Each structure stands twice: as C-alpha cells, then as structure tokens.
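See below for the structure under consideration.
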Amino acid sequence: MDLHAAHPDVLILVGTQTGNSETVADAVADRLADLGFDAHLVDMAEAYPEMLADYRQLIVVMCTWSDGTFPDNGKDFEEALPGVAPDLSRVSFGIIGLGDRDYHPYYQTAAIWLGERLQEYGATEARAMHEIDGTPTPDDVAAALTWTDAIAEAFAQTPAS
Ligand SMILES: Cc1cc2nc3c(=O)[nH]c(=O)nc-3n(C[C@H](O)[C@H](O)[C@H](O)COP(=O)(O)O)c2cc1C
C-alpha cells in the first residue's frame with residue numbers, strides 16, 4: 001500500500017548498545033518503504049542535532065542503557081543537542097523505546113528525555129512512545145510495526161506546505 005505522503009522522507013535515528021534497536025529499526029524502515037516512504041536510517045553516532053530540522057518526519061528507535069543513560073553510540077548526540085536546540089516546529093516524530101522494567105527507576109528514561117527535548121524544541125509527537133520491555137520477541141517487532149502503520153498514517157496527513 002502506498003500512502004502518497006506529501007513528505008515521503010523519514011529520518012530514522014537509531015541508538016543502540018547491543019543491536020536490538022537496530023533490528024527493530026530495520027523492520028520499521030522496511031515497513032515505511034512498503035507504505036511509500038523514503039526511510040533514511042542513521043546511526044546516532046553519525047547524527048548531529050542540526051540534521052533533525054532537515055526532515056518533516058522523524059522516528060527514533062533507541063534503548064536506555066545503564067542507570068538511564070544513552071547507549072554509547074548516542075552519547076555525543078545527547079551532549080550536543082541542548083547546545084544546538086534546533087527549531088523543530090515543522091517536525092512530527094515518534095519514538096520506539098527499548099528498555100527493561102528490571103532497571104526501575106531508570107526504565108526508558110533516555111528515550112523519555114529525548115522525547116521531552118524534541119517537544120521543547122517545537123516538534124509534535126505524532127504518536128505516543130511505543131515501549132518494548134526486554135529483548136524484543138517476534139511479537140514485539142510485530143507490535144512495533146502496527147505502531148509504525150499508525151504513525152505513517154499520521155505522517156501522511158501532513159499537508160504539502
Ligand atoms: C547492562 C544493562 C543496562 C541496562 N540499563 C537499562 C536502564 O537503565 N533502563 C532501561 O530501561 N533498560 C536498561 N537495559 C535494558 C536494555 O535497554 C534492553 O536490553 C534493550 O533491548 C537493549 O537494546 P539495544 O540492543 O538496542 O542496545 C539495560 C540492559 C543491560 C544489559
């Protein structure tokens with residue numbers, strides 16, 4: 001199915017320590033492609049805050065690591081973001097957070113922090129954060145793709161201007 005979105009480009013930002021987030025992000029990218037989007041998968045280590053404003057649509061797939069921190073590949077991005085504070089008023093986003101409730105009170109805290117920053121810089125949360133608790137099972141990946149379908153529908157409603 002092609003949703004004929006006015007803005008087909010979607011940045012998918014991936015923050016991962018052991019690869020689970022990358023696996024989920026790959027599946028999300030494939031699904032977006034099936035729906036007619038151009039998914040641009042970028043490792044957080046290669047990302048810089050200014051690039052967020054180059055897109056109208058953003059999906060972050062990231063884990064929270066020890067005691068609520070960003071994974072190693074996202075630490076530079078995390079540090080740089082508040083200093084740049086990009087204007088994201090034209091950006092719609094969603095986050096798929098990977099974490100584990102066993103790490104309470106740090107469950108998903110890095111993903112939550114990033115979501116708050118994106119909204120602080122003017123971005124609109126197109127769909128509430130999708131949480132994966134524990135190592136993703138095939139059912140978890142399927143649920144993430146259902147979430148992807150929903151956010152893709154929301155992205156497709158963004159007007160052309
Ligand atoms: C050493 C270690 C520390 C972790 N710390 C947290 C944490 O503070 N908060 C959380 O929600 N999940 C935590 N997790 C769970 C991971 O986020 C989860 O395993 C996730 O699937 C890892 O994703 P990744 O493979 O993309 O790195 C931790 C896992 C490990 C092994």
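Labeling convention for the structure tokens: chains A, B, ... as they appear, residues from 1 per chain, ligands from 1 in order of appearance.
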
With the cut-off set at 7 Å and counting only C-alpha atoms, tabulate each residue of region 67-135 of chain A with an atom at most that distance from an atom of region 16-27 of chain A, showing the nearest atom pair and its distance in Å to one decimal, ordered by chain and increasing number, as CSV.
```
residue,atom,partner,partner_atom,distance
A:Pro71,CA,A:Gln17,CA,5.2
A:Asp72,CA,A:Gln17,CA,6.4
A:Asn73,CA,A:Thr16,CA,6.6
A:Leu98,CA,A:Ser21,CA,6.8
```

Can you write just those residues out, N, CA and C atoms, as an mmCIF file, in the first residue's frame?
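That gives us part23.cif:
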```
data_model
loop_
_atom_site.group_PDB
_atom_site.id
_atom_site.type_symbol
_atom_site.label_atom_id
_atom_site.label_comp_id
_atom_site.auth_asym_id
_atom_site.auth_seq_id
_atom_site.Cartn_x
_atom_site.Cartn_y
_atom_site.Cartn_z
ATOM 1 N N PRO A 71 22.776 4.973 25.025
ATOM 2 C CA PRO A 71 23.772 3.982 24.603
ATOM 3 C C PRO A 71 25.031 4.718 24.110
ATOM 4 N N ASP A 72 26.145 4.013 24.065
ATOM 5 C CA ASP A 72 27.415 4.666 23.697
ATOM 6 C C ASP A 72 27.327 5.392 22.360
ATOM 7 N N ASN A 73 26.619 4.827 21.404
ATOM 8 C CA ASN A 73 26.606 5.454 20.071
ATOM 9 C C ASN A 73 25.780 6.744 20.040
ATOM 10 N N LEU A 98 13.388 1.087 23.673
ATOM 11 C CA LEU A 98 13.703 -0.255 24.168
ATOM 12 C C LEU A 98 14.307 -0.122 25.559
#
```

Counting only C-alpha atoms, what is within 12 Å of Lys75 (chain A), bar same-chain residues fewer than 6 positions away, as a VMD selection string?
chain A and resid 15 to 17 43 to 48 62 to 65 68 to 69 81 110 114

For C-alpha atoms, I'd like the residues from the last selection saved as a PDB file, in the first residue's frame.
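Once everything was written out, this is part.pdb:
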```
ATOM      1  CA  GLY A  15      20.531   4.472  19.336  1.00  0.00           C
ATOM      2  CA  THR A  16      21.743   1.031  20.312  1.00  0.00           C
ATOM      3  CA  GLN A  17      24.183  -0.739  22.579  1.00  0.00           C
ATOM      4  CA  ASP A  43      23.132   5.615  13.424  1.00  0.00           C
ATOM      5  CA  MET A  44      23.151   8.159  16.287  1.00  0.00           C
ATOM      6  CA  ALA A  45      26.944   8.142  16.155  1.00  0.00           C
ATOM      7  CA  GLU A  46      26.677   9.651  12.649  1.00  0.00           C
ATOM      8  CA  ALA A  47      23.853  12.043  13.539  1.00  0.00           C
ATOM      9  CA  TYR A  48      24.077  15.700  14.526  1.00  0.00           C
ATOM     10  CA  MET A  62      16.660   3.720  20.860  1.00  0.00           C
ATOM     11  CA  CYS A  63      17.455   1.842  24.028  1.00  0.00           C
ATOM     12  CA  THR A  64      18.115   3.170  27.500  1.00  0.00           C
ATOM     13  CA  TRP A  65      21.372   1.835  28.919  1.00  0.00           C
ATOM     14  CA  GLY A  68      19.164   5.558  32.481  1.00  0.00           C
ATOM     15  CA  THR A  69      21.902   6.720  30.117  1.00  0.00           C
ATOM     16  CA  LEU A  81      21.515  18.507  21.409  1.00  0.00           C
ATOM     17  CA  ALA A 110      16.852   8.147  28.000  1.00  0.00           C
ATOM     18  CA  LEU A 114      14.829  12.758  24.211  1.00  0.00           C
TER      19      LEU A 114
END
```

What lies within 8 Å of Phe155 (chain A) using only C-alpha atoms, ignoring chain neighbours under 4 positions off, as JSON, numbers by chain?
{"A": [5, 7, 57, 92, 126, 151]}

Give the answer as one residue: which of A:Val91, A:Ala85, A:Leu11, A:Ala80 has the shortest atom-to-atom distance to Val60 (chain A), using only C-alpha atoms?
A:Leu11

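Note that CA of Pro86 (chain A) and CA of Leu118 (chain A) are 8.8 Å apart.
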
Have a look at A:Ala143, A:Ile112, A:Val14, A:Ala150 and name the one nearest to Gly74 (chain A); count only C-alpha atoms.
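Answer, going by the shortest atom-to-atom distance: A:Val14.
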
Best match for closeness to Asp34 (chain A) among A:Ile59, A:Ile132, A:Ala123, A:Leu3, counting only C-alpha atoms
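Ranked by minimum distance to Asp34 (chain A), first place goes to A:Leu3.
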
Taking only region 115-156 of chain A into account, list the residues labelled strand (DSSP E) by DSSP (computed from the backbone), as a PyMOL selection string.
chain A and resi 124-125+130-133

Extract the full set of alpha helix (DSSP H) residues from region 6-160 of chain A according to DSSP on the backbone, and format it as a count of residues only.
56

Have a look at CA of Ala33 (chain A) and CA of Thr146 (chain A) and let me know their distance in Å, one decimal.
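Taking CA of Ala33 (chain A) and CA of Thr146 (chain A), their separation equals 14.4 Å.
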
If you measure from CA of Met1 (chain A) to CA of Ala152 (chain A), what distance in Å do you get, rounded to one decimal?
11.4 Å

May I have the residues within 10 Å of Leu35 (chain A) as a list of chain:residue names, using only C-alpha atoms and disregarding those fewer than 3 positions away in the same chain?
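So, after excluding close chain neighbours, the residues are A:Met1, A:Asp2, A:Leu3, A:His4, A:Ala5, A:Pro8, A:Ala29, A:Asp30, A:Arg31, A:Leu32, A:Asp38, A:Thr148, A:Asp149, A:Ala152, A:Glu153, A:Ala156.
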